[in-house]
Amino acid sequence: MSITHTGIRVAAVGDIEDGEALKVPAEITGHGDAIAVFHDGGVYYALDDTCSHGQASLADGWIEDGEVECPLHSARFCLSSGRPLCMPATVTVRAHRVEVRDGWIWVHPALDSAEEAGG
Amino acid sequence: MSSPRRVAVVGAGLAAVSTCDALRAQGYDGELVLYCDERGLPYDRPPLSKDVLLGKSGRDDILLRPEQWYEGQRVGLRDGTPVRAIRPRESGIELADGSVVGADRVVLATGGTPRTLPVPGGDDPAVRVLRTWEDAERLRERLLPDARVTVVGAGLIGAETAAVAVALGCRVTLVDPVPVPLAAVVGEGVARALHSRHTAEGIEVITSGVERVERPAAGEVLVHLAGGSRVVAADTVVVGIGIRPATGLAEAAGLRVDNGVVVHAGQRTSHPNVFAVGDVARLDGHRVRHEHWEAAQQGGEAAASGILGRPLQQAGAPWFWSDRHGSRLEAVGTMADAERTAVRGAPDSGAFTVFGLRGDRLVAAAAIDRARDIKAARRLVDRGVAVDPARLADEGVDLRTLLKR
């Protein structure tokens, strides 16, 4: 992995298998939480790694149909928005922009804090 | 039948809040009020026997929804407001102060009360139970290093409580008449592995019933085991032997009650304007009430669909988890339904999964510390995929590939 002004180069395309995720440690993301980079059916997504309900790593979750299901209590989150789709989670996890460029997957960590799910 | 305009939900556990959540998510725009006996915002119960007892989580950490959610969703929260009666024929409910409030649909989410030991002294207040926040708070204060704690019942709540107590330095005795608790649900192998962990962690496990409970002096409780075999002295006794469904309101209203409020599709009771969800409800045709977290959540969603006359989502196989001694048990379905099993992982390592098959379909799975196996198993069960037991057992096979047809 390497960090440049254009984001964090996390992996080469093909390194993260479909249905798998890569955890980028907090020391590299530089924003307080690790970031999970998910591959779901040819599309890459990135969310804060820690579930907004418990203390589980979403990178260890079940990835399918544009959602990730937390390994601990099965809260599901939308991979593109980070919004919780069912209980027990009620708070959105922060989503980050992902870019595929020159055969590499880049993550651009969001600077703003995650919005509250609100209702 | 007229469309609902005033919905009253009686209870404040997960099933109650899920019902409110789902009603709004499905577009219900009318009045929605939640009535509950306890004071304060509704909270999640699974942490009570885990992080709350351990002192790691406070009440604010376990709220089902933040306070602003109730305002945002226009859910009226009448906490500390017991409901004395429901009067579906008169489209109302009666509160403890005698006032009657209009409600054209009532959702019973009254849960249950912990069973007490049906023996002399079993109802002594010194014998504690664990169901509410207050129960957990009071019990936590007693779980001091070197305190003698006897837990009766080694199912889910009892096992979790014993595990927390020993982790906090208590001297713990765990009593259950069943040699291998949970075996019918998770299978003999997983149940044995779980139960043996108690002994390994320093808990004295006794297979016995309880004959009577005696409190000779303040501060000490004597648990007399079956047949006069032994007397266990304890500073604190906790009983976790299941609940009695709180069916009083339903019975008084003349609803059909049989080991819970009997419900049909959409959580409908025998009265068209009354629904029941969560631990108090038993789906007609099912032998047991599914007293688990996810069942309560899905019941809320189904009740909302039932109230609004919308199509129901297919419910998946029952799933639950239990945390003890730093390990997690998860189970899907009921192992007693299986004709044969396949084991994945090494039981000696402590982390393994048992899959239960009926014909070529997966009907159950139980795992210790193997979350992904369970996630795959839930999908294999719910989608009715034909599976080869040899592939289930083969660690070289990614279970996700079994889902792809």
# chains A, B, ... in the order shown; residues from 1 in each chain; ligands from 1

$ select_by_dssp --residues "segment 268-323 of chain B" --states "strand (DSSP E or B)" --output "PyMOL selection string"
chain B and resi 268+274-276+281-283+319-323

$ write_last_selection --atoms "C-alpha atoms" --output "tab-separated table (two decimals), in the first residue's frame"
chain	number	residue	atom	x	y	z
B	268	ARG	CA	-52.30	-12.11	13.65
B	274	VAL	CA	-54.70	-7.60	17.68
B	275	PHE	CA	-51.21	-8.78	16.78
B	276	ALA	CA	-48.54	-10.39	18.92
B	281	ALA	CA	-46.07	-15.08	20.54
B	282	ARG	CA	-46.13	-18.64	19.26
B	283	LEU	CA	-46.64	-19.25	15.59
B	319	TRP	CA	-30.71	-18.18	14.18
B	320	PHE	CA	-29.21	-17.33	17.53
B	321	TRP	CA	-25.90	-16.71	19.18
B	322	SER	CA	-24.51	-17.01	22.69
B	323	ASP	CA	-21.21	-15.70	24.09

$ closest_atom_pairs --of "chain B" --to "chain A" --cutoff "7 Å" --atoms "only C-alpha atoms" --output "Markdown table"
| residue | atom | partner | partner_atom | distance |
| --- | --- | --- | --- | --- |
| B:Arg65 | CA | A:Thr90 | CA | 6.9 |
| B:Trp69 | CA | A:Gly119 | CA | 6.0 |
| B:Gly72 | CA | A:Gly119 | CA | 6.3 |
| B:Gln73 | CA | A:Gly119 | CA | 6.5 |
| B:Ala371 | CA | A:Pro71 | CA | 6.0 |
| B:Lys375 | CA | A:Trp62 | CA | 7.0 |

$ write_last_selection --atoms "C-alpha atoms" --output "PDB file, in the first residue's frame"
ATOM      1  CA  ARG B  65     -32.700   3.438  19.196  1.00  0.00           C
ATOM      2  CA  TRP B  69     -35.337   8.519  16.764  1.00  0.00           C
ATOM      3  CA  GLY B  72     -38.097  11.703  14.226  1.00  0.00           C
ATOM      4  CA  GLN B  73     -40.314   8.685  13.583  1.00  0.00           C
ATOM      5  CA  ALA B 371     -19.040 -16.974  11.914  1.00  0.00           C
ATOM      6  CA  LYS B 375     -23.467 -17.086   7.383  1.00  0.00           C
TER       7      LYS B 375
END

$ residues_around --residues "Asp337 of chain B" --least-positions-apart "6" --cutoff "10 Å" --atoms "only C-alpha atoms" --output "list in words"
Ala184, Val185, Gly356, Leu357, Arg358, Leu362, Val363 and Ala364 of chain B

$ residues_around --residues "Glu220 of chain B" --least-positions-apart "6" --cutoff "7 Å" --atoms "only C-alpha atoms" --output "tab-separated table (two decimals) with C-alpha atoms, in the first residue's frame"
chain	number	residue	atom	x	y	z
B	233	ALA	CA	-24.02	-22.63	49.97
B	234	ALA	CA	-23.94	-19.41	48.00
B	235	ASP	CA	-23.83	-15.66	48.49

$ residues_around --residues "segment 208-219 of chain B" --least-positions-apart "5" --cutoff "7 Å" --atoms "only C-alpha atoms" --output "list in words"
Val119, Pro120, Gly121, Gly122, Val175, Asp176, Pro177, His224, Leu225, Ala226 and Asp235 of chain B

$ write_last_selection --atoms "C-alpha atoms" --output "PDB file, in the first residue's frame"
ATOM      1  CA  VAL B 119     -39.608 -25.946  44.571  1.00  0.00           C
ATOM      2  CA  PRO B 120     -39.961 -24.735  48.176  1.00  0.00           C
ATOM      3  CA  GLY B 121     -38.068 -21.479  48.538  1.00  0.00           C
ATOM      4  CA  GLY B 122     -37.768 -21.106  44.753  1.00  0.00           C
ATOM      5  CA  VAL B 175     -26.357 -26.689  38.326  1.00  0.00           C
ATOM      6  CA  ASP B 176     -28.524 -28.281  35.651  1.00  0.00           C
ATOM      7  CA  PRO B 177     -30.361 -31.615  35.660  1.00  0.00           C
ATOM      8  CA  HIS B 224     -30.433 -28.294  48.325  1.00  0.00           C
ATOM      9  CA  LEU B 225     -29.776 -30.579  45.360  1.00  0.00           C
ATOM     10  CA  ALA B 226     -32.066 -33.429  44.320  1.00  0.00           C
ATOM     11  CA  ASP B 235     -23.830 -15.664  48.493  1.00  0.00           C
TER      12      ASP B 235
END

$ select_by_dssp --residues "segment 159-196 of chain B" --states "helix (DSSP H, G or I)" --output "ChimeraX atom specification"
/B:159-167,183-186,188-196

$ residues_around --residues "Asp102 of chain A" --least-positions-apart "5" --cutoff "12 Å" --atoms "only C-alpha atoms" --output "ChimeraX atom specification"
/A:9,11-13

$ residues_around --residues "segment 284-296 of chain B" --least-positions-apart "4" --cutoff "8 Å" --atoms "only C-alpha atoms" --output "list in words"
Leu14, Ala15, Ser18, Pro46, Asn259, Gly260, Val262, Val263, His264, Val277, Gly278, Asp279, Val280, Gly300, Pro318, Trp319 and Phe320 of chain B
